[in-house]
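Dumped start_3.cif below, it's mmCIF, C-alpha atoms:
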data_input
loop_
_atom_site.label_atom_id
_atom_site.label_comp_id
_atom_site.auth_asym_id
_atom_site.auth_seq_id
_atom_site.Cartn_x
_atom_site.Cartn_y
_atom_site.Cartn_z
CA MET A 13 13.69 -37.34 5.94
CA ILE A 14 9.94 -36.74 5.94
CA GLU A 15 8.89 -33.19 5.08
CA ARG A 16 6.20 -31.81 7.36
CA PRO A 17 3.20 -29.97 6.01
CA LEU A 18 3.37 -26.22 6.44
CA LYS A 19 1.61 -25.12 9.60
CA VAL A 20 -0.63 -22.08 9.23
CA LEU A 21 -2.32 -20.00 11.91
CA ILE A 22 -5.49 -18.29 10.67
CA ALA A 23 -6.49 -15.42 12.95
CA LYS A 24 -9.26 -12.81 13.11
CA PRO A 25 -7.70 -9.81 14.88
CA GLY A 26 -9.81 -7.04 16.35
CA LEU A 27 -13.53 -6.70 16.75
CA ASP A 28 -14.42 -8.08 13.35
CA GLY A 29 -17.27 -10.56 13.79
CA HIS A 30 -17.34 -12.01 10.28
CA ASP A 31 -15.39 -15.24 10.05
CA ARG A 32 -16.92 -17.17 7.18
CA GLY A 33 -14.05 -16.37 4.81
CA ALA A 34 -11.46 -17.34 7.43
CA LYS A 35 -13.22 -20.65 8.04
CA VAL A 36 -13.48 -21.36 4.32
CA LEU A 37 -9.77 -20.59 3.92
CA ALA A 38 -8.84 -22.79 6.89
CA ARG A 39 -10.80 -25.70 5.43
CA GLY A 40 -9.40 -25.12 1.95
CA LEU A 41 -5.81 -25.00 3.19
CA ARG A 42 -6.38 -28.26 5.08
CA ASP A 43 -7.63 -29.77 1.82
CA GLU A 44 -4.42 -28.50 0.18
CA GLY A 45 -2.34 -30.44 2.71
CA PHE A 46 -1.53 -27.73 5.25
CA GLU A 47 -1.80 -28.13 8.99
CA VAL A 48 -4.15 -25.33 10.07
CA VAL A 49 -4.88 -23.74 13.43
CA TYR A 50 -7.83 -21.32 13.60
CA THR A 51 -7.89 -18.94 16.57
CA GLY A 52 -11.49 -17.80 16.33
CA LEU A 53 -12.95 -14.32 16.49
CA ARG A 54 -11.88 -11.15 18.29
CA GLN A 55 -8.20 -11.87 18.85
CA THR A 56 -5.86 -9.19 20.20
CA PRO A 57 -2.46 -8.80 18.55
CA GLU A 58 -0.92 -10.30 21.68
CA MET A 59 -3.20 -13.34 21.47
CA VAL A 60 -2.28 -13.88 17.81
CA ALA A 61 1.46 -13.62 18.46
CA THR A 62 1.23 -15.92 21.48
CA ALA A 63 -0.73 -18.52 19.52
CA ALA A 64 1.79 -18.35 16.66
CA LEU A 65 4.64 -18.93 19.09
CA GLN A 66 2.91 -21.72 21.01
CA GLU A 67 1.84 -23.51 17.83
CA ASP A 68 5.26 -23.06 16.17
CA VAL A 69 3.72 -22.01 12.87
CA ASP A 70 5.32 -21.33 9.50
CA VAL A 71 2.66 -18.88 8.35
CA VAL A 72 0.31 -16.41 10.04
CA GLY A 73 -2.75 -15.59 7.93
CA LEU A 74 -4.72 -12.60 9.18
CA SER A 75 -8.30 -12.03 8.07
CA ILE A 76 -9.63 -8.54 8.65
CA LEU A 77 -12.73 -6.75 7.46
CA SER A 78 -13.13 -4.15 10.22
CA GLY A 79 -10.95 -1.38 8.83
CA ALA A 80 -8.47 -1.60 11.72
CA HIS A 81 -5.76 -3.22 9.60
CA MET A 82 -3.35 -0.27 9.81
CA THR A 83 -3.25 -0.59 13.60
CA LEU A 84 -3.59 -4.32 14.21
CA LEU A 85 -1.47 -5.88 11.46
CA PRO A 86 1.74 -3.87 12.07
CA ARG A 87 1.39 -4.57 15.81
CA ILE A 88 1.13 -8.32 15.18
CA CYS A 89 4.23 -8.21 12.95
CA GLN A 90 6.12 -6.29 15.64
CA LEU A 91 5.12 -8.78 18.35
CA LEU A 92 6.18 -11.71 16.16
CA ARG A 93 9.61 -10.13 15.62
CA GLU A 94 9.95 -9.47 19.36
CA ALA A 95 9.11 -13.13 20.03
CA GLY A 96 11.90 -14.27 17.69
CA MET A 97 9.47 -15.21 14.92
CA GLY A 98 10.60 -12.67 12.35
CA GLY A 99 11.01 -15.46 9.79
CA VAL A 100 7.35 -16.43 9.90
CA LEU A 101 5.47 -15.55 6.73
CA VAL A 102 2.66 -13.09 7.52
CA THR A 103 -0.19 -12.72 5.04
CA ALA A 104 -3.49 -10.90 5.21
CA GLY A 105 -6.83 -11.06 3.52
CA GLY A 106 -10.08 -9.19 3.61
CA ILE A 107 -11.02 -5.64 2.81
CA ILE A 108 -7.77 -3.68 2.61
CA PRO A 109 -7.51 -0.63 0.34
CA ALA A 110 -4.68 -0.71 -2.21
CA ASP A 111 -3.34 2.58 -0.81
CA ASP A 112 -2.62 0.85 2.52
CA VAL A 113 -0.71 -2.10 1.03
CA PRO A 114 2.78 -0.48 0.85
CA ALA A 115 2.70 0.54 4.52
CA LEU A 116 1.53 -2.91 5.57
CA GLN A 117 4.27 -4.56 3.51
CA ALA A 118 6.85 -2.24 5.09
CA ALA A 119 5.54 -3.34 8.51
CA GLY A 120 6.07 -7.01 7.64
CA VAL A 121 2.94 -8.28 5.89
CA ALA A 122 4.34 -10.20 2.92
CA ALA A 123 1.17 -10.50 0.85
CA ILE A 124 -2.40 -9.27 0.89
CA PHE A 125 -5.13 -11.31 -0.75
CA GLY A 126 -8.33 -9.50 -1.65
CA PRO A 127 -11.82 -10.80 -2.22
CA GLY A 128 -12.00 -13.36 -5.00
CA THR A 129 -8.49 -14.75 -4.54
CA SER A 130 -8.66 -18.51 -4.90
CA ILE A 131 -7.53 -20.85 -2.16
CA GLY A 132 -5.18 -22.43 -4.70
CA GLU A 133 -3.45 -19.07 -5.28
CA ILE A 134 -3.05 -18.51 -1.55
CA ALA A 135 -1.76 -22.05 -0.99
CA ALA A 136 0.75 -21.70 -3.83
CA TYR A 137 2.02 -18.39 -2.43
CA MET A 138 2.45 -19.90 1.03
CA ARG A 139 4.30 -22.93 -0.34
CA ASP A 140 6.61 -20.72 -2.39
CA HIS A 141 7.39 -18.17 0.34
CA ALA A 142 7.18 -19.83 3.77
CA LEU A 143 10.30 -21.05 5.52
CA GLN A 144 9.69 -24.56 6.84
CA ARG A 145 10.19 -24.78 10.58
CA THR A 146 12.72 -27.27 11.89
CA GLY A 147 12.26 -29.83 14.59
#

How does this structure look as structure tokens?
Amino acid sequence: MIERPLKVLIAKPGLDGHDRGAKVLARGLRDEGFEVVYTGLRQTPEMVATAALQEDVDVVGLSILSGAHMTLLPRICQLLREAGMGGVLVTAGGIIPADDVPALQAAGVAAIFGPGTSIGEIAAYMRDHALQRTG
């Protein structure tokens, strides 16, 4: 049986207009052998969850620099669970204060990668923690 590459959705939720890091990550994950879907800027939580469902992803990577992480990220996790995608690995990156990490993890964000995290580290985490989709 041929193992599929992990499929990752990279999304920029909210009104954050800075997507260079997300684009660099998307390219780097492709170079690491992942299948990557990038949603583009200014995605609502509903748009992110819908894209994750339609694309049948293994991982949702959320990039956020706007400071709205405590509102947007838990909502995305909730919508994923409601869509039957509770097993999808949700990660986040960007500017997220350490004090907010426990609440985000309790909401369903598995890992948060801050500035300076290498693409290799992120890829290794995703490989080690994502559940491969079937079919």

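Rounded to one decimal, atom CA of A:Arg54 and atom CA of A:Val121 lie 19.5 Å from each other.
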
On this file, the PyMOL selection byres ((chain A and resi 36-49) around 8) gives some set of residues; write that set as a tab-separated table (two decimals) with C-alpha atoms, keeping the file's coordinate frame.
chain	number	residue	atom	x	y	z
A	17	PRO	CA	3.20	-29.97	6.01
A	18	LEU	CA	3.37	-26.22	6.44
A	19	LYS	CA	1.61	-25.12	9.60
A	20	VAL	CA	-0.63	-22.08	9.23
A	21	LEU	CA	-2.32	-20.00	11.91
A	22	ILE	CA	-5.49	-18.29	10.67
A	32	ARG	CA	-16.92	-17.17	7.18
A	33	GLY	CA	-14.05	-16.37	4.81
A	34	ALA	CA	-11.46	-17.34	7.43
A	35	LYS	CA	-13.22	-20.65	8.04
A	50	TYR	CA	-7.83	-21.32	13.60
A	51	THR	CA	-7.89	-18.94	16.57
A	131	ILE	CA	-7.53	-20.85	-2.16
A	132	GLY	CA	-5.18	-22.43	-4.70
A	135	ALA	CA	-1.76	-22.05	-0.99

- Task: Please write as a list of chain:residue names the full residue list that the PyMOL selection byres ((chain A and resi 104) around 8) yields on this file.
- Result: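 Applying the expression gives A:Gly73, A:Leu74, A:Ser75, A:Ile76, A:Val102, A:Thr103, A:Gly105, A:Gly106, A:Val121, A:Ala123, A:Ile124, A:Phe125.
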
Taking all atoms of stretch 116-120 of chain A that the file lists and extending 5 Å past them on each side, where is the centre of the axis-aligned box and how long are its edges? Answer in Å to one decimal, as JSON.
{"center_x": 4.2, "center_y": -4.6, "center_z": 6.0, "size_x": 15.3, "size_y": 14.8, "size_z": 15.0}

- When the PyMOL selection byres ((chain A and resi 85) around 10) is applied to the file above, which residues end up in the set, as a list in words? Pro25, Gly26, Pro57, Leu74, Ser75, Ile76, Ala80, His81, Met82, Thr83, Leu84, Pro86, Arg87, Ile88, Cys89, Gln90, Leu91, Val102, Thr103, Ala104, Leu116, Gln117, Ala119, Gly120 and Val121 of chain A

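Among the candidate residues A:Asp28, A:Ser78, A:Val69, A:Ala142, the one lying nearest to A:Gln55 is A:Asp28, with distances computed using only C-alpha atoms.
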
- Students should find that atom CA of A:Gly126 and atom CA of A:Val72 are spaced 16.1 Å

Using the partial input, fill out stretch 105-128 of chain A with N, CA, C and O atoms; write the result as a PDB file, in the frame of the given file.
ATOM      1  N   GLY A 105      -5.747 -11.030   4.484  1.00  0.00           N
ATOM      2  CA  GLY A 105      -6.830 -11.060   3.520  1.00  0.00           C
ATOM      3  C   GLY A 105      -8.012 -10.304   4.081  1.00  0.00           C
ATOM      4  O   GLY A 105      -8.093 -10.045   5.278  1.00  0.00           O
ATOM      5  N   GLY A 106      -8.901  -9.929   3.190  1.00  0.00           N
ATOM      6  CA  GLY A 106     -10.080  -9.190   3.610  1.00  0.00           C
ATOM      7  C   GLY A 106     -10.232  -7.917   2.806  1.00  0.00           C
ATOM      8  O   GLY A 106      -9.830  -7.845   1.650  1.00  0.00           O
ATOM      9  N   ILE A 107     -10.783  -6.918   3.458  1.00  0.00           N
ATOM     10  CA  ILE A 107     -11.020  -5.640   2.810  1.00  0.00           C
ATOM     11  C   ILE A 107      -9.916  -4.670   3.209  1.00  0.00           C
ATOM     12  O   ILE A 107      -9.951  -4.071   4.285  1.00  0.00           O
ATOM     13  N   ILE A 108      -8.916  -4.541   2.351  1.00  0.00           N
ATOM     14  CA  ILE A 108      -7.770  -3.680   2.610  1.00  0.00           C
ATOM     15  C   ILE A 108      -7.539  -2.819   1.372  1.00  0.00           C
ATOM     16  O   ILE A 108      -7.239  -3.351   0.301  1.00  0.00           O
ATOM     17  N   PRO A 109      -7.699  -1.504   1.497  1.00  0.00           N
ATOM     18  CA  PRO A 109      -7.510  -0.630   0.340  1.00  0.00           C
ATOM     19  C   PRO A 109      -6.089  -0.711  -0.225  1.00  0.00           C
ATOM     20  O   PRO A 109      -5.111  -0.834   0.525  1.00  0.00           O
ATOM     21  N   ALA A 110      -5.985  -0.630  -1.534  1.00  0.00           N
ATOM     22  CA  ALA A 110      -4.680  -0.710  -2.210  1.00  0.00           C
ATOM     23  C   ALA A 110      -3.707   0.343  -1.696  1.00  0.00           C
ATOM     24  O   ALA A 110      -2.498   0.090  -1.620  1.00  0.00           O
ATOM     25  N   ASP A 111      -4.213   1.516  -1.313  1.00  0.00           N
ATOM     26  CA  ASP A 111      -3.340   2.580  -0.810  1.00  0.00           C
ATOM     27  C   ASP A 111      -2.639   2.193   0.493  1.00  0.00           C
ATOM     28  O   ASP A 111      -1.597   2.758   0.827  1.00  0.00           O
ATOM     29  N   ASP A 112      -3.200   1.256   1.236  1.00  0.00           N
ATOM     30  CA  ASP A 112      -2.620   0.850   2.520  1.00  0.00           C
ATOM     31  C   ASP A 112      -1.597  -0.285   2.371  1.00  0.00           C
ATOM     32  O   ASP A 112      -0.846  -0.559   3.304  1.00  0.00           O
ATOM     33  N   VAL A 113      -1.564  -0.932   1.216  1.00  0.00           N
ATOM     34  CA  VAL A 113      -0.710  -2.100   1.030  1.00  0.00           C
ATOM     35  C   VAL A 113       0.778  -1.789   1.222  1.00  0.00           C
ATOM     36  O   VAL A 113       1.467  -2.525   1.943  1.00  0.00           O
ATOM     37  N   PRO A 114       1.342  -0.723   0.648  1.00  0.00           N
ATOM     38  CA  PRO A 114       2.780  -0.480   0.850  1.00  0.00           C
ATOM     39  C   PRO A 114       3.176  -0.329   2.313  1.00  0.00           C
ATOM     40  O   PRO A 114       4.202  -0.869   2.735  1.00  0.00           O
ATOM     41  N   ALA A 115       2.379   0.363   3.099  1.00  0.00           N
ATOM     42  CA  ALA A 115       2.700   0.540   4.520  1.00  0.00           C
ATOM     43  C   ALA A 115       2.623  -0.786   5.270  1.00  0.00           C
ATOM     44  O   ALA A 115       3.440  -1.071   6.150  1.00  0.00           O
ATOM     45  N   LEU A 116       1.644  -1.609   4.920  1.00  0.00           N
ATOM     46  CA  LEU A 116       1.530  -2.910   5.570  1.00  0.00           C
ATOM     47  C   LEU A 116       2.697  -3.817   5.190  1.00  0.00           C
ATOM     48  O   LEU A 116       3.237  -4.540   6.034  1.00  0.00           O
ATOM     49  N   GLN A 117       3.114  -3.764   3.932  1.00  0.00           N
ATOM     50  CA  GLN A 117       4.270  -4.560   3.510  1.00  0.00           C
ATOM     51  C   GLN A 117       5.539  -4.084   4.212  1.00  0.00           C
ATOM     52  O   GLN A 117       6.348  -4.895   4.637  1.00  0.00           O
ATOM     53  N   ALA A 118       5.686  -2.772   4.378  1.00  0.00           N
ATOM     54  CA  ALA A 118       6.850  -2.240   5.090  1.00  0.00           C
ATOM     55  C   ALA A 118       6.842  -2.680   6.557  1.00  0.00           C
ATOM     56  O   ALA A 118       7.903  -2.852   7.165  1.00  0.00           O
ATOM     57  N   ALA A 119       5.655  -2.892   7.116  1.00  0.00           N
ATOM     58  CA  ALA A 119       5.540  -3.340   8.510  1.00  0.00           C
ATOM     59  C   ALA A 119       5.795  -4.830   8.667  1.00  0.00           C
ATOM     60  O   ALA A 119       5.988  -5.303   9.786  1.00  0.00           O
ATOM     61  N   GLY A 120       5.767  -5.587   7.555  1.00  0.00           N
ATOM     62  CA  GLY A 120       6.070  -7.010   7.640  1.00  0.00           C
ATOM     63  C   GLY A 120       5.033  -7.949   7.065  1.00  0.00           C
ATOM     64  O   GLY A 120       5.213  -9.171   7.112  1.00  0.00           O
ATOM     65  N   VAL A 121       3.947  -7.415   6.525  1.00  0.00           N
ATOM     66  CA  VAL A 121       2.940  -8.280   5.890  1.00  0.00           C
ATOM     67  C   VAL A 121       3.431  -8.569   4.475  1.00  0.00           C
ATOM     68  O   VAL A 121       3.550  -7.667   3.658  1.00  0.00           O
ATOM     69  N   ALA A 122       3.717  -9.828   4.195  1.00  0.00           N
ATOM     70  CA  ALA A 122       4.340 -10.200   2.920  1.00  0.00           C
ATOM     71  C   ALA A 122       3.382 -10.089   1.742  1.00  0.00           C
ATOM     72  O   ALA A 122       3.771  -9.670   0.661  1.00  0.00           O
ATOM     73  N   ALA A 123       2.135 -10.490   1.946  1.00  0.00           N
ATOM     74  CA  ALA A 123       1.170 -10.500   0.850  1.00  0.00           C
ATOM     75  C   ALA A 123      -0.221 -10.220   1.383  1.00  0.00           C
ATOM     76  O   ALA A 123      -0.547 -10.609   2.508  1.00  0.00           O
ATOM     77  N   ILE A 124      -1.012  -9.574   0.547  1.00  0.00           N
ATOM     78  CA  ILE A 124      -2.400  -9.270   0.890  1.00  0.00           C
ATOM     79  C   ILE A 124      -3.281  -9.824  -0.213  1.00  0.00           C
ATOM     80  O   ILE A 124      -3.094  -9.507  -1.385  1.00  0.00           O
ATOM     81  N   PHE A 125      -4.235 -10.653   0.192  1.00  0.00           N
ATOM     82  CA  PHE A 125      -5.130 -11.310  -0.750  1.00  0.00           C
ATOM     83  C   PHE A 125      -6.524 -10.703  -0.605  1.00  0.00           C
ATOM     84  O   PHE A 125      -7.114 -10.758   0.467  1.00  0.00           O
ATOM     85  N   GLY A 126      -7.020 -10.130  -1.677  1.00  0.00           N
ATOM     86  CA  GLY A 126      -8.330  -9.500  -1.650  1.00  0.00           C
ATOM     87  C   GLY A 126      -9.449 -10.475  -1.953  1.00  0.00           C
ATOM     88  O   GLY A 126      -9.215 -11.658  -2.228  1.00  0.00           O
ATOM     89  N   PRO A 127     -10.660  -9.968  -1.901  1.00  0.00           N
ATOM     90  CA  PRO A 127     -11.820 -10.800  -2.220  1.00  0.00           C
ATOM     91  C   PRO A 127     -11.677 -11.419  -3.612  1.00  0.00           C
ATOM     92  O   PRO A 127     -11.202 -10.783  -4.541  1.00  0.00           O
ATOM     93  N   GLY A 128     -12.055 -12.680  -3.718  1.00  0.00           N
ATOM     94  CA  GLY A 128     -12.000 -13.360  -5.000  1.00  0.00           C
ATOM     95  C   GLY A 128     -10.723 -14.140  -5.247  1.00  0.00           C
ATOM     96  O   GLY A 128     -10.636 -14.889  -6.224  1.00  0.00           O
TER      97      GLY A 128
END
